[in-house]
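Asker: Structure file my_file.csv, CSV, C-alpha atoms, is pasted below:
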```csv
chain,number,residue,atom,x,y,z
A,839,MET,CA,-105.8,118.3,130.0
A,840,LYS,CA,-106.2,120.6,132.9
A,841,LYS,CA,-105.6,124.3,132.3
A,842,TRP,CA,-102.1,125.5,133.1
A,843,ASP,CA,-101.9,127.6,136.3
A,844,ALA,CA,-100.0,130.9,136.4
A,845,SER,CA,-96.6,129.6,137.5
A,846,LEU,CA,-93.6,131.3,136.0
A,847,THR,CA,-92.5,128.2,134.0
A,848,HIS,CA,-96.0,127.9,132.5
A,849,MET,CA,-96.2,131.5,131.5
A,850,ILE,CA,-92.8,131.6,129.9
A,851,LEU,CA,-93.4,128.2,128.2
A,852,SER,CA,-96.8,129.3,126.9
A,853,MET,CA,-95.8,132.6,125.5
A,854,GLY,CA,-92.5,131.2,124.1
A,855,LEU,CA,-94.3,128.3,122.3
A,856,ILE,CA,-96.9,130.6,120.8
A,857,SER,CA,-94.3,133.0,119.6
A,858,VAL,CA,-92.1,130.3,118.0
A,859,ILE,CA,-95.1,128.7,116.2
A,860,ALA,CA,-96.3,132.2,115.0
A,861,ALA,CA,-92.8,133.0,113.7
A,862,GLY,CA,-92.6,129.8,111.9
A,863,ALA,CA,-96.0,130.3,110.2
A,864,LEU,CA,-95.1,133.8,109.2
A,865,GLY,CA,-91.7,132.8,107.8
A,866,LEU,CA,-93.3,130.0,105.8
A,867,VAL,CA,-96.0,132.1,104.2
A,868,HIS,CA,-93.5,134.9,103.6
A,869,THR,CA,-91.3,132.6,101.6
A,870,LEU,CA,-94.3,131.2,99.7
A,871,THR,CA,-95.7,134.7,98.8
A,872,ALA,CA,-92.5,136.6,98.0
A,873,GLU,CA,-92.5,135.7,94.4
A,874,PRO,CA,-96.2,136.3,93.7
A,875,ILE,CA,-95.9,139.7,95.4
A,876,ARG,CA,-93.0,140.6,93.2
A,877,LEU,CA,-94.9,139.5,90.1
A,878,ALA,CA,-98.0,141.5,91.2
A,879,ASP,CA,-96.0,144.6,91.7
A,880,GLN,CA,-94.3,144.2,88.3
A,881,ALA,CA,-97.6,143.5,86.6
A,882,LYS,CA,-99.1,146.7,88.0
A,883,GLN,CA,-96.1,148.8,86.8
A,884,GLU,CA,-96.3,147.3,83.4
A,885,ALA,CA,-100.0,147.9,83.1
A,886,ALA,CA,-99.4,151.6,84.0
A,887,ILE,CA,-96.6,151.8,81.3
A,888,ARG,CA,-98.8,150.2,78.7
A,889,GLU,CA,-101.6,152.7,79.4
A,890,VAL,CA,-99.4,155.8,79.0
A,891,THR,CA,-97.2,155.0,76.0
A,892,PRO,CA,-97.9,154.0,72.4
A,893,ALA,CA,-97.8,150.3,71.5
A,894,PHE,CA,-94.4,148.7,72.1
A,895,ASP,CA,-92.8,145.3,71.8
A,896,ASN,CA,-89.8,145.5,74.1
A,897,ASN,CA,-89.7,145.0,77.9
A,898,PRO,CA,-89.6,148.5,79.3
A,899,LEU,CA,-89.1,147.2,82.9
A,900,LYS,CA,-85.9,145.5,82.0
A,901,GLU,CA,-84.6,148.6,80.3
A,902,CYS,CA,-85.5,150.9,83.1
A,903,PHE,CA,-83.0,153.7,83.8
A,904,ASN,CA,-82.8,156.5,86.3
A,905,ILE,CA,-83.1,160.2,85.4
A,906,ARG,CA,-82.1,162.9,87.9
A,907,THR,CA,-84.4,165.7,88.9
A,908,GLU,CA,-83.4,169.3,89.8
A,909,LYS,CA,-83.7,168.4,93.5
A,910,GLY,CA,-81.1,165.7,93.1
A,911,ASP,CA,-83.3,162.6,93.5
A,912,SER,CA,-84.1,160.3,90.6
A,913,LEU,CA,-87.1,159.1,88.8
A,914,MET,CA,-87.5,155.8,87.0
A,915,CYS,CA,-87.7,156.0,83.2
A,916,PHE,CA,-89.0,153.1,81.1
A,917,PRO,CA,-88.3,153.3,77.4
A,918,ALA,CA,-90.9,151.8,75.0
A,919,ARG,CA,-89.6,150.6,71.7
A,920,LYS,CA,-91.3,149.1,68.7
A,921,GLY,CA,-89.1,147.3,66.2
A,922,GLY,CA,-86.1,148.6,68.0
A,923,LYS,CA,-87.1,152.3,67.5
A,924,LEU,CA,-87.9,154.4,70.5
A,925,VAL,CA,-91.7,155.3,70.4
A,926,GLY,CA,-92.0,156.9,73.9
A,927,VAL,CA,-90.9,156.8,77.5
A,928,ALA,CA,-92.9,156.2,80.6
A,929,ILE,CA,-91.7,158.1,83.7
A,930,GLU,CA,-92.8,157.4,87.2
A,931,THR,CA,-92.9,160.9,88.8
A,932,TYR,CA,-94.2,162.5,91.9
A,933,SER,CA,-95.1,165.8,93.7
A,934,MET,CA,-95.1,166.4,97.4
A,935,LYS,CA,-97.3,169.6,97.0
A,936,GLY,CA,-100.6,167.8,96.8
A,937,PHE,CA,-103.4,168.9,99.1
A,938,GLY,CA,-103.2,165.6,101.0
A,939,GLY,CA,-99.5,165.0,100.5
A,940,GLU,CA,-97.7,162.9,97.9
A,941,ILE,CA,-99.1,162.4,94.4
A,942,ARG,CA,-97.5,159.7,92.2
A,943,LEU,CA,-98.1,159.6,88.4
A,944,MET,CA,-96.9,157.6,85.5
A,945,VAL,CA,-96.6,159.9,82.5
A,946,GLY,CA,-95.9,158.9,78.9
A,947,LEU,CA,-93.8,161.2,76.8
A,948,SER,CA,-93.0,161.0,73.1
A,949,PRO,CA,-89.3,161.0,72.2
A,950,GLU,CA,-89.7,164.7,71.6
A,951,GLY,CA,-91.2,165.4,75.0
A,952,ASP,CA,-94.9,165.7,74.0
A,953,ILE,CA,-97.3,164.4,76.6
A,954,HIS,CA,-98.9,161.2,75.3
A,955,ASN,CA,-100.9,160.1,78.2
A,956,TYR,CA,-100.8,159.7,82.0
A,957,THR,CA,-102.2,157.6,84.8
A,958,VAL,CA,-102.5,158.5,88.6
A,959,LEU,CA,-100.7,155.8,90.6
A,960,LYS,CA,-101.3,157.1,94.1
A,961,HIS,CA,-102.8,160.2,95.8
A,962,SER,CA,-104.5,161.4,98.9
A,963,GLU,CA,-106.5,164.2,97.4
A,964,THR,CA,-110.1,165.0,98.4
A,965,PRO,CA,-112.7,162.7,96.8
A,966,GLY,CA,-114.8,164.6,94.3
A,967,LEU,CA,-112.3,167.5,94.0
A,968,GLY,CA,-108.6,166.7,93.6
A,969,SER,CA,-109.3,163.1,92.9
A,970,LYS,CA,-110.8,164.3,89.5
A,971,MET,CA,-107.2,164.6,88.2
A,972,ALA,CA,-107.4,161.0,87.1
A,973,GLU,CA,-109.7,162.1,84.2
A,974,TRP,CA,-109.7,165.9,84.1
A,975,PHE,CA,-106.4,166.5,82.4
A,976,LYS,CA,-107.3,164.0,79.6
A,977,THR,CA,-110.7,165.4,78.8
A,978,ALA,CA,-110.9,167.4,75.6
A,979,LYS,CA,-112.9,170.3,77.1
A,980,ASN,CA,-112.0,174.0,77.1
A,981,LYS,CA,-108.2,174.1,77.9
A,982,GLN,CA,-108.0,171.4,80.6
A,983,SER,CA,-106.4,168.5,78.5
A,984,ILE,CA,-102.6,168.4,78.7
A,985,LEU,CA,-102.4,165.5,76.1
A,986,GLY,CA,-100.2,166.6,73.2
A,987,LEU,CA,-98.7,169.6,75.0
A,988,ASN,CA,-94.9,169.8,75.3
A,989,PRO,CA,-93.6,171.3,78.6
A,990,GLY,CA,-90.7,172.7,76.6
A,991,LYS,CA,-92.8,174.7,74.2
A,992,ASP,CA,-96.1,175.2,76.0
A,993,LYS,CA,-96.7,176.7,79.4
A,994,VAL,CA,-97.9,173.6,81.3
A,995,LEU,CA,-99.1,175.5,84.3
A,996,VAL,CA,-102.6,176.5,85.6
A,997,SER,CA,-104.1,179.7,84.2
A,998,LYS,CA,-103.7,181.4,87.6
A,999,ASP,CA,-99.9,181.0,87.2
A,1000,GLY,CA,-99.9,182.3,83.7
A,1001,GLY,CA,-100.2,178.9,82.1
A,1002,GLU,CA,-102.4,177.4,79.4
A,1003,VAL,CA,-104.1,174.7,81.4
A,1004,ASP,CA,-107.5,175.0,83.1
A,1005,ALA,CA,-107.2,173.8,86.7
A,1006,ILE,CA,-109.9,171.5,88.3
A,1007,THR,CA,-112.7,173.7,89.6
A,1008,ALA,CA,-112.2,174.4,93.3
A,1009,ALA,CA,-109.1,172.2,93.4
A,1010,THR,CA,-106.2,174.6,92.4
A,1011,ILE,CA,-103.7,173.1,94.8
A,1012,SER,CA,-104.2,169.6,93.6
A,1013,SER,CA,-104.0,170.8,90.0
A,1014,ARG,CA,-100.8,172.7,90.6
A,1015,ALA,CA,-99.2,169.7,92.3
A,1016,PHE,CA,-100.3,167.5,89.4
A,1017,LEU,CA,-98.7,169.7,86.8
A,1018,ASP,CA,-95.6,170.1,89.1
A,1019,ALA,CA,-95.2,166.3,88.8
A,1020,ILE,CA,-95.6,166.4,85.0
A,1021,ASN,CA,-93.0,169.2,84.7
A,1022,ARG,CA,-90.6,167.4,87.0
A,1023,ALA,CA,-90.7,164.3,84.7
A,1024,TYR,CA,-90.2,166.4,81.6
A,1025,ILE,CA,-87.2,168.4,83.0
A,1026,ALA,CA,-85.5,165.3,84.3
A,1027,TYR,CA,-86.0,163.4,81.0
A,1028,VAL,CA,-84.7,166.2,78.9
A,1029,THR,CA,-81.7,167.0,81.1
A,1030,SER,CA,-80.7,163.3,81.2
A,1031,THR,CA,-81.0,162.5,77.6
A,1032,ASN,CA,-79.2,165.7,76.6
A,1033,SER,CA,-81.1,165.8,73.3
A,1034,GLN,CA,-81.6,168.9,71.3
A,1035,ASN,CA,-84.8,169.5,73.2
A,1036,SER,CA,-82.7,170.7,76.2
A,1037,LYS,CA,-82.1,173.9,74.3
A,1038,GLN,CA,-85.8,174.8,74.6
A,1039,VAL,CA,-86.8,177.1,77.4
A,1040,VAL,CA,-89.0,175.5,80.1
A,1041,TYR,CA,-91.5,178.0,81.7
A,1042,GLU,CA,-91.4,178.2,85.4
A,1043,LYS,CA,-93.9,179.8,87.8
A,1044,HIS,CA,-92.8,183.3,88.8
B,1313,MET,CA,-127.0,118.8,117.5
B,1314,LYS,CA,-127.1,120.4,114.1
B,1315,ASN,CA,-129.5,123.0,115.5
B,1316,THR,CA,-127.1,124.3,118.1
B,1317,LYS,CA,-124.2,124.5,115.6
B,1318,PHE,CA,-126.3,126.5,113.2
B,1319,SER,CA,-127.6,128.7,116.0
B,1320,VAL,CA,-124.0,129.6,116.8
B,1321,VAL,CA,-123.6,131.0,113.3
B,1322,LEU,CA,-127.0,132.7,113.4
B,1323,ASN,CA,-126.2,134.3,116.6
B,1324,GLY,CA,-123.3,136.2,115.1
B,1325,LEU,CA,-125.3,137.1,112.0
B,1326,VAL,CA,-128.4,138.5,113.8
B,1327,THR,CA,-128.7,138.3,117.6
B,1328,GLU,CA,-125.2,139.5,118.3
B,1329,ASN,CA,-124.5,141.3,115.1
B,1330,PRO,CA,-121.2,143.1,115.8
B,1331,THR,CA,-122.1,146.3,114.0
B,1332,PHE,CA,-125.8,146.8,114.7
B,1333,VAL,CA,-126.1,145.2,118.1
B,1334,LEU,CA,-122.7,144.9,119.8
B,1335,MET,CA,-121.5,148.1,118.1
B,1336,LEU,CA,-117.9,147.1,118.0
B,1337,GLY,CA,-115.3,147.7,115.3
B,1338,MET,CA,-116.8,151.0,114.3
B,1339,CYS,CA,-113.5,152.5,113.0
B,1340,PRO,CA,-113.1,150.1,110.0
B,1341,THR,CA,-116.9,150.1,109.5
B,1342,LEU,CA,-116.9,153.9,108.9
B,1343,GLY,CA,-113.5,154.0,107.2
B,1344,THR,CA,-113.8,151.3,104.6
B,1345,THR,CA,-117.4,151.5,103.4
B,1346,SER,CA,-117.0,154.3,100.9
B,1347,SER,CA,-117.9,151.7,98.3
B,1348,ALA,CA,-119.8,148.4,98.4
B,1349,LEU,CA,-116.8,146.4,97.1
B,1350,ASN,CA,-114.4,147.8,99.7
B,1351,GLY,CA,-116.9,147.0,102.5
B,1352,LEU,CA,-117.3,143.5,101.3
B,1353,GLY,CA,-113.6,143.0,100.9
B,1354,MET,CA,-113.0,144.3,104.5
B,1355,GLY,CA,-115.7,142.0,105.8
B,1356,VAL,CA,-114.2,138.9,104.2
B,1357,ALA,CA,-110.7,139.8,105.4
B,1358,THR,CA,-111.9,140.2,109.0
B,1359,THR,CA,-113.9,137.0,108.7
B,1360,PHE,CA,-110.7,135.1,107.8
B,1361,VAL,CA,-108.9,136.5,110.8
B,1362,LEU,CA,-111.9,135.8,113.1
B,1363,ILE,CA,-112.2,132.1,112.1
B,1364,GLY,CA,-108.4,131.7,112.3
B,1365,SER,CA,-107.8,133.4,115.6
B,1366,ASN,CA,-110.9,131.8,117.3
B,1367,THR,CA,-109.8,128.4,116.2
B,1368,VAL,CA,-106.2,128.7,117.4
B,1369,VAL,CA,-107.2,130.4,120.7
B,1370,SER,CA,-109.7,127.6,121.4
B,1371,MET,CA,-107.0,125.0,120.6
B,1372,ALA,CA,-104.5,126.7,122.9
B,1373,LYS,CA,-106.9,127.6,125.7
B,1374,ASN,CA,-105.6,125.1,128.1
B,1375,ILE,CA,-101.9,126.1,127.8
B,1376,ILE,CA,-102.5,129.8,128.2
B,1377,PRO,CA,-102.5,130.8,131.9
B,1378,ASP,CA,-105.1,133.5,132.6
B,1379,LYS,CA,-102.5,136.1,133.6
B,1380,VAL,CA,-100.9,136.1,130.2
B,1381,ARG,CA,-104.0,135.6,128.0
B,1382,ILE,CA,-104.1,139.1,126.5
B,1383,PRO,CA,-100.5,139.1,125.1
B,1384,CYS,CA,-101.0,135.5,123.8
B,1385,PHE,CA,-104.3,136.4,122.1
B,1386,ILE,CA,-102.8,139.5,120.5
B,1387,VAL,CA,-99.8,137.6,119.1
B,1388,ILE,CA,-102.2,135.0,117.6
B,1389,ILE,CA,-104.4,137.7,116.1
B,1390,ALA,CA,-101.5,139.7,114.8
B,1391,THR,CA,-100.0,136.6,113.2
B,1392,PHE,CA,-103.2,135.9,111.3
B,1393,VAL,CA,-103.5,139.5,110.2
B,1394,THR,CA,-99.9,139.5,108.9
B,1395,LEU,CA,-100.6,136.2,107.0
B,1396,LEU,CA,-103.7,137.8,105.5
B,1397,GLU,CA,-101.7,140.9,104.5
B,1398,MET,CA,-99.1,138.8,102.7
B,1399,LEU,CA,-101.7,136.7,100.9
B,1400,MET,CA,-103.7,139.8,99.8
B,1401,LYS,CA,-100.6,141.5,98.5
B,1402,ALA,CA,-99.8,138.5,96.5
B,1403,TYR,CA,-103.2,137.5,95.1
B,1404,VAL,CA,-105.5,140.5,95.3
B,1405,PRO,CA,-103.2,143.5,95.0
B,1406,ALA,CA,-106.0,145.9,93.8
B,1407,LEU,CA,-108.2,145.3,96.9
B,1408,TYR,CA,-105.1,145.5,99.1
B,1409,ALA,CA,-104.2,148.9,97.7
B,1410,SER,CA,-107.8,150.3,98.2
B,1411,LEU,CA,-108.1,149.0,101.8
B,1412,GLY,CA,-104.6,150.3,102.6
B,1413,LEU,CA,-104.0,151.0,106.3
B,1414,PHE,CA,-107.2,149.3,107.5
B,1415,ILE,CA,-105.8,145.8,107.0
B,1416,PRO,CA,-103.2,146.0,109.7
B,1417,LEU,CA,-105.8,147.8,111.9
B,1418,ILE,CA,-107.8,144.5,112.0
B,1419,VAL,CA,-105.4,143.5,114.8
B,1420,VAL,CA,-107.0,146.1,117.1
B,1421,ASN,CA,-110.5,145.6,115.9
B,1422,CYS,CA,-112.4,145.1,119.1
B,1423,ILE,CA,-114.5,142.4,117.6
B,1424,VAL,CA,-111.6,140.0,117.2
B,1425,LEU,CA,-110.2,140.3,120.7
B,1426,ALA,CA,-113.7,140.3,122.2
B,1427,ARG,CA,-114.7,137.0,120.6
B,1428,ALA,CA,-111.3,135.4,121.5
B,1429,GLU,CA,-111.8,136.5,125.1
B,1430,SER,CA,-115.5,135.9,125.6
B,1431,PHE,CA,-116.1,132.9,123.4
B,1432,ALA,CA,-113.1,131.1,122.0
B,1433,SER,CA,-111.3,130.8,125.3
B,1434,LYS,CA,-114.3,129.0,126.9
B,1435,HIS,CA,-115.7,126.8,124.1
B,1436,PRO,CA,-114.6,123.8,122.0
B,1437,VAL,CA,-112.7,124.3,118.8
B,1438,PHE,CA,-115.4,123.6,116.2
B,1439,ASP,CA,-117.9,125.9,118.0
B,1440,SER,CA,-115.3,128.7,118.2
B,1441,ALA,CA,-114.7,128.4,114.5
B,1442,LEU,CA,-118.4,128.6,113.8
B,1443,ASP,CA,-118.7,131.6,116.1
B,1444,GLY,CA,-115.9,133.2,114.1
B,1445,LEU,CA,-117.7,132.5,110.9
B,1446,GLY,CA,-121.1,133.8,112.2
B,1447,ILE,CA,-119.7,137.0,113.6
B,1448,GLY,CA,-117.6,137.5,110.5
B,1449,LEU,CA,-120.6,137.0,108.3
B,1450,GLY,CA,-122.6,139.4,110.4
B,1451,PHE,CA,-119.8,142.0,110.1
B,1452,THR,CA,-119.5,141.4,106.3
B,1453,MET,CA,-123.2,141.8,105.8
B,1454,ALA,CA,-123.3,145.1,107.9
B,1455,LEU,CA,-120.3,146.5,106.0
B,1456,THR,CA,-121.6,145.6,102.6
B,1457,LEU,CA,-125.0,147.0,103.4
B,1458,LEU,CA,-123.5,150.3,104.6
B,1459,GLY,CA,-121.1,150.4,101.7
B,1460,CYS,CA,-124.0,149.9,99.2
B,1461,VAL,CA,-126.0,152.8,100.8
B,1462,ARG,CA,-123.0,155.1,100.8
B,1463,GLU,CA,-121.9,154.3,97.3
B,1464,LEU,CA,-125.4,154.6,95.9
B,1465,LEU,CA,-126.3,157.9,97.6
B,1466,GLY,CA,-122.8,159.4,97.2
B,1467,THR,CA,-121.8,158.5,93.6
B,1468,GLY,CA,-124.8,156.9,92.0
B,1469,LYS,CA,-122.9,153.6,91.5
B,1470,LEU,CA,-123.3,150.2,93.0
B,1471,PHE,CA,-120.3,147.8,92.9
B,1472,GLY,CA,-119.0,150.1,90.2
B,1473,GLN,CA,-122.1,149.9,88.0
B,1474,ILE,CA,-123.6,153.3,87.2
B,1475,ILE,CA,-127.2,153.5,88.5
B,1476,TYR,CA,-127.7,157.2,88.1
B,1477,PRO,CA,-125.4,160.0,86.9
B,1478,GLU,CA,-122.7,160.9,89.4
B,1479,GLN,CA,-123.5,164.6,89.4
B,1480,TYR,CA,-126.8,164.0,91.2
B,1481,GLY,CA,-125.0,162.2,94.0
B,1482,THR,CA,-124.6,163.6,97.5
B,1483,LEU,CA,-120.8,163.7,98.0
B,1484,VAL,CA,-121.0,163.9,101.8
B,1485,PHE,CA,-121.9,160.2,101.9
B,1486,VAL,CA,-118.5,159.3,100.5
B,1487,LEU,CA,-116.8,161.3,103.3
B,1488,ALA,CA,-116.6,160.7,107.0
B,1489,PRO,CA,-119.7,162.7,108.2
B,1490,GLY,CA,-121.9,160.9,105.7
B,1491,ALA,CA,-120.7,157.5,107.1
B,1492,PHE,CA,-121.9,158.4,110.6
B,1493,ILE,CA,-125.2,159.7,109.2
B,1494,ALA,CA,-125.8,156.6,107.1
B,1495,LEU,CA,-124.8,154.2,109.9
B,1496,GLY,CA,-127.1,156.0,112.4
B,1497,TYR,CA,-130.1,155.7,110.1
B,1498,LEU,CA,-129.4,152.0,109.4
B,1499,ILE,CA,-129.2,151.2,113.1
B,1500,ALA,CA,-132.4,153.1,113.7
B,1501,ALA,CA,-134.1,151.2,110.9
B,1502,ILE,CA,-133.0,147.8,112.2
B,1503,ASN,CA,-134.1,148.6,115.7
B,1504,ARG,CA,-137.5,149.6,114.3
B,1505,LEU,CA,-137.7,146.2,112.5
B,1506,LYS,CA,-136.7,144.3,115.6
B,1507,ARG,CA,-139.3,146.1,117.7
B,1508,LYS,CA,-142.0,145.2,115.2
B,1509,GLN,CA,-141.1,141.5,115.4
B,1510,ALA,CA,-141.0,141.3,119.2
```
Could you write out this file's structure as structure tokens?

Answerer:
Amino acid sequence: MKKWDASLTHMILSMGLISVIAAGALGLVHTLTAEPIRLADQAKQEAAIREVTPAFDNNPLKECFNIRTEKGDSLMCFPARKGGKLVGVAIETYSMKGFGGEIRLMVGLSPEGDIHNYTVLKHSETPGLGSKMAEWFKTAKNKQSILGLNPGKDKVLVSKDGGEVDAITAATISSRAFLDAINRAYIAYVTSTNSQNSKQVVYEKH
Amino acid sequence: MKNTKFSVVLNGLVTENPTFVLMLGMCPTLGTTSSALNGLGMGVATTFVLIGSNTVVSMAKNIIPDKVRIPCFIVIIATFVTLLEMLMKAYVPALYASLGLFIPLIVVNCIVLARAESFASKHPVFDSALDGLGIGLGFTMALTLLGCVRELLGTGKLFGQIIYPEQYGTLVFVLAPGAFIALGYLIAAINRLKRKQA
């Protein structure tokens, strides 16, 4: 077959044909992969929830409810139950005050608001500095671990702001943003559930 | 006959290695090689796009008039990259998350368009596919090598396995300046080896 010359008909036909076939292929693969993509996202969320809460036997994703923050937006809250009793909640929280922008965390609180565990979902902090937050605040060294602290009773802020937590060395901004996300989750949880914890004072940076 | 087919693949791997010889596609090379696994993953992803786009461009070369070849090539390449993205999101979400923005950037990777323009539009389908494979393998090898060097020097790990404690690592190699430094030395070393052979 001789190569098509550059007549208007040929050009339109050629580009049109290629576009139509491309669109068809894209539509087909999109339909085929939509379900696996949804399942992969769900699996990732569930793995994060499992990491931050005590053992549970319900389906936290199905029981997800929204809790409102002070700013007016909402966070997703996943209750974890064992034998029908609430053992903890996993809250997907964020802070926009990171050195490189948004930080997303999944934090697990006990029903009383004690921090059980956390995992970093997404961040743009500097490698070797802010990125250390994934392990720093869980390490039982000096006063850097936040596990077991309750933002309602303890000052979950960096030492520079009068708090009880050691910031990451040379990464104060990332540390502040991290704790900002943790406090946001606690405040939202406590305000929404309207439990007796809400009577406790939450320390704010002055 | 088998010799010439194999030599097409070998060409992409050694003689016209896209990173060390042609020096194309430097952006993803420097951006995704902070770890060996990321470099390998990026290389394999680009190889998929190269084989696919080379094959289709070669199949369609007679119905694409010269005047509109660039838009047609770009649409074909972009389609393959989008297919790749959907497949990665579905089946390897962890790798997809760590490569992030660099996957859509494969569309504007010079290597892909250059091979479509200079090889696939002028050669038969099977040869074009082999060229895509060869160039892709060359790119993958270069990226994996650079990723290994940067990860080992920067964090003391190799493919996630700890080789020496991280505190003795030189952090600069995980960041952008270190990428340039490591790549420069690698190219110098390879040029030295080639001169010795000649």

Asker: Starting from chain B, keep only residues with some atom at most 12 Å from an atom of chain A, counting all atoms listed in the file, and report them as a ChimeraX atom specification.

Answerer: /B:1346,1365,1368-1369,1371-1406,1408-1410,1412,1433-1434,1466-1467,1478-1479,1481-1488

Asker: Could you give me, as a list in words, the residues that have an atom at most 9 Å away from the point (-92.7, 147.5, 83.0) in the coordinates of the file, using only C-alpha atoms?

Answerer: Gln880, Ala881, Lys882, Gln883, Glu884, Ala885, Ala886, Ile887, Arg888, Asn897, Pro898, Leu899, Lys900, Glu901, Cys902 and Phe916 of chain A

Asker: Would you export the selected residues with C-alpha atoms as an mmCIF file, in the frame of the given file, please?

Answerer:
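Saved as out.cif:
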```
data_model
loop_
_atom_site.group_PDB
_atom_site.id
_atom_site.type_symbol
_atom_site.label_atom_id
_atom_site.label_comp_id
_atom_site.auth_asym_id
_atom_site.auth_seq_id
_atom_site.Cartn_x
_atom_site.Cartn_y
_atom_site.Cartn_z
ATOM 1 C CA GLN A 880 -94.300 144.200 88.300
ATOM 2 C CA ALA A 881 -97.600 143.500 86.600
ATOM 3 C CA LYS A 882 -99.100 146.700 88.000
ATOM 4 C CA GLN A 883 -96.100 148.800 86.800
ATOM 5 C CA GLU A 884 -96.300 147.300 83.400
ATOM 6 C CA ALA A 885 -100.000 147.900 83.100
ATOM 7 C CA ALA A 886 -99.400 151.600 84.000
ATOM 8 C CA ILE A 887 -96.600 151.800 81.300
ATOM 9 C CA ARG A 888 -98.800 150.200 78.700
ATOM 10 C CA ASN A 897 -89.700 145.000 77.900
ATOM 11 C CA PRO A 898 -89.600 148.500 79.300
ATOM 12 C CA LEU A 899 -89.100 147.200 82.900
ATOM 13 C CA LYS A 900 -85.900 145.500 82.000
ATOM 14 C CA GLU A 901 -84.600 148.600 80.300
ATOM 15 C CA CYS A 902 -85.500 150.900 83.100
ATOM 16 C CA PHE A 916 -89.000 153.100 81.100
#
```

Asker: Could you check the closest approach to A:Gly968 for each of A:Ala1008, A:Leu943, A:Ala918, A:Leu995 and tell me which residue wins, using all atoms listed in the file?

Answerer: A:Ala1008

Asker: How many Å separate atom CA of B:Ser1347 from atom CA of B:Cys1460?

Answerer: 6.4 Å

Asker: Given 5 Å on each side, where is the centre and what are the edge lengths in Å to one decimal of the axis-aligned box enclosing the listed atoms of stretch 917-922 of chain A, as AutoDock Vina command-line options?

Answerer:
```
--center_x -88.7 --center_y 150.3 --center_z 71.8 --size_x 15.2 --size_y 16.0 --size_z 21.2
```

Asker: Tell me which protein, DNA and RNA residues are within 6 Å of stretch 1415-1429 of chain B, counting all atoms listed in the file, leaving out same-chain ones fewer than 6 positions away, and put them as a compact mmCIF listing (two decimals) with C-alpha atoms, in the coordinates of the input.

Answerer:
```txt
# COMPACT_ATOMS: atom_id res chain seq x y z
CA LEU B 1336 -117.90 147.10 118.00
CA GLY B 1337 -115.30 147.70 115.30
CA LEU B 1362 -111.90 135.80 113.10
CA ASN B 1366 -110.90 131.80 117.30
CA ALA B 1390 -101.50 139.70 114.80
```

Asker: Please provide as a CSV table (one decimal) with C-alpha atoms, in the frame of the given file all residues within 9 Å of stretch 1496-1503 of chain B, with the sequence filter that same-chain residues fewer than 6 positions apart are discarded (counting all atoms listed in the file).

Answerer:
```csv
chain,number,residue,atom,x,y,z
B,1331,THR,CA,-122.1,146.3,114.0
B,1332,PHE,CA,-125.8,146.8,114.7
B,1333,VAL,CA,-126.1,145.2,118.1
B,1457,LEU,CA,-125.0,147.0,103.4
B,1458,LEU,CA,-123.5,150.3,104.6
```

Asker: By how many Å are atom CA of B:Ala1491 and atom CA of B:Leu1455 apart?

Answerer: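 These atoms are spaced 11.1 Å apart.
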
Asker: May I ask for the distance between atom CA of A:Ile905 and atom CA of A:Val1028, given in Å to one decimal place?

Answerer: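 Between atom CA of A:Ile905 and atom CA of A:Val1028 the gap works out to 9.0 Å.
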
Asker: Using only C-alpha atoms, find the one residue out of A:Glu908, A:Glu930, A:Glu940, A:Glu950 that sits nearest to A:Ile1020.

Answerer: A:Glu930

Asker: Pick the closest to A:Ala1015 from A:Met944, A:Val994, A:Ile953, A:Met934: which is it, counting only C-alpha atoms?

Answerer: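 Ranking A:Met944, A:Val994, A:Ile953, A:Met934 by distance to A:Ala1015, first place goes to A:Met934.
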
Asker: Restricting the calculation to only C-alpha atoms, which member of A:Leu987, A:Ile941, A:Leu947, A:Leu959 is positioned closest to A:Ser1013?

Answerer: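 That would be A:Ile941, the residue with the smallest distance to A:Ser1013.
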
Asker: Using all atoms listed in the file, give me every residue within 6 Å of (-91.7, 159.7, 84.0) in file coordinates, as a list in words.

Answerer: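 Here is the list of nearby residues: Cys915, Ala928, Ile929, Glu930, Thr931, Met944, Val945 and Ala1023 of chain A.
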
Asker: Calculated over only C-alpha atoms, which of the candidates B:Gly1459, B:Lys1469, B:Tyr1480, B:Arg1504 has the smallest distance to B:Thr1345?

Answerer: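 The closest residue to B:Thr1345 is B:Gly1459.
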
Asker: Write out as a ChimeraX atom specification each polymer residue whose atoms come within 8 Å of A:Val1003, counting all atoms listed in the file; drop sequence neighbours fewer than 6 positions from it.

Answerer: /A:981-984,993-997

Asker: Could you save the residues just selected, with C-alpha atoms, as an mmCIF file, keeping the file's coordinate frame?

Answerer:
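Result went into out-v2.cif, see below:
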```cif
data_model
loop_
_atom_site.group_PDB
_atom_site.id
_atom_site.type_symbol
_atom_site.label_atom_id
_atom_site.label_comp_id
_atom_site.auth_asym_id
_atom_site.auth_seq_id
_atom_site.Cartn_x
_atom_site.Cartn_y
_atom_site.Cartn_z
ATOM 1 C CA LYS A 981 -108.200 174.100 77.900
ATOM 2 C CA GLN A 982 -108.000 171.400 80.600
ATOM 3 C CA SER A 983 -106.400 168.500 78.500
ATOM 4 C CA ILE A 984 -102.600 168.400 78.700
ATOM 5 C CA LYS A 993 -96.700 176.700 79.400
ATOM 6 C CA VAL A 994 -97.900 173.600 81.300
ATOM 7 C CA LEU A 995 -99.100 175.500 84.300
ATOM 8 C CA VAL A 996 -102.600 176.500 85.600
ATOM 9 C CA SER A 997 -104.100 179.700 84.200
#
```
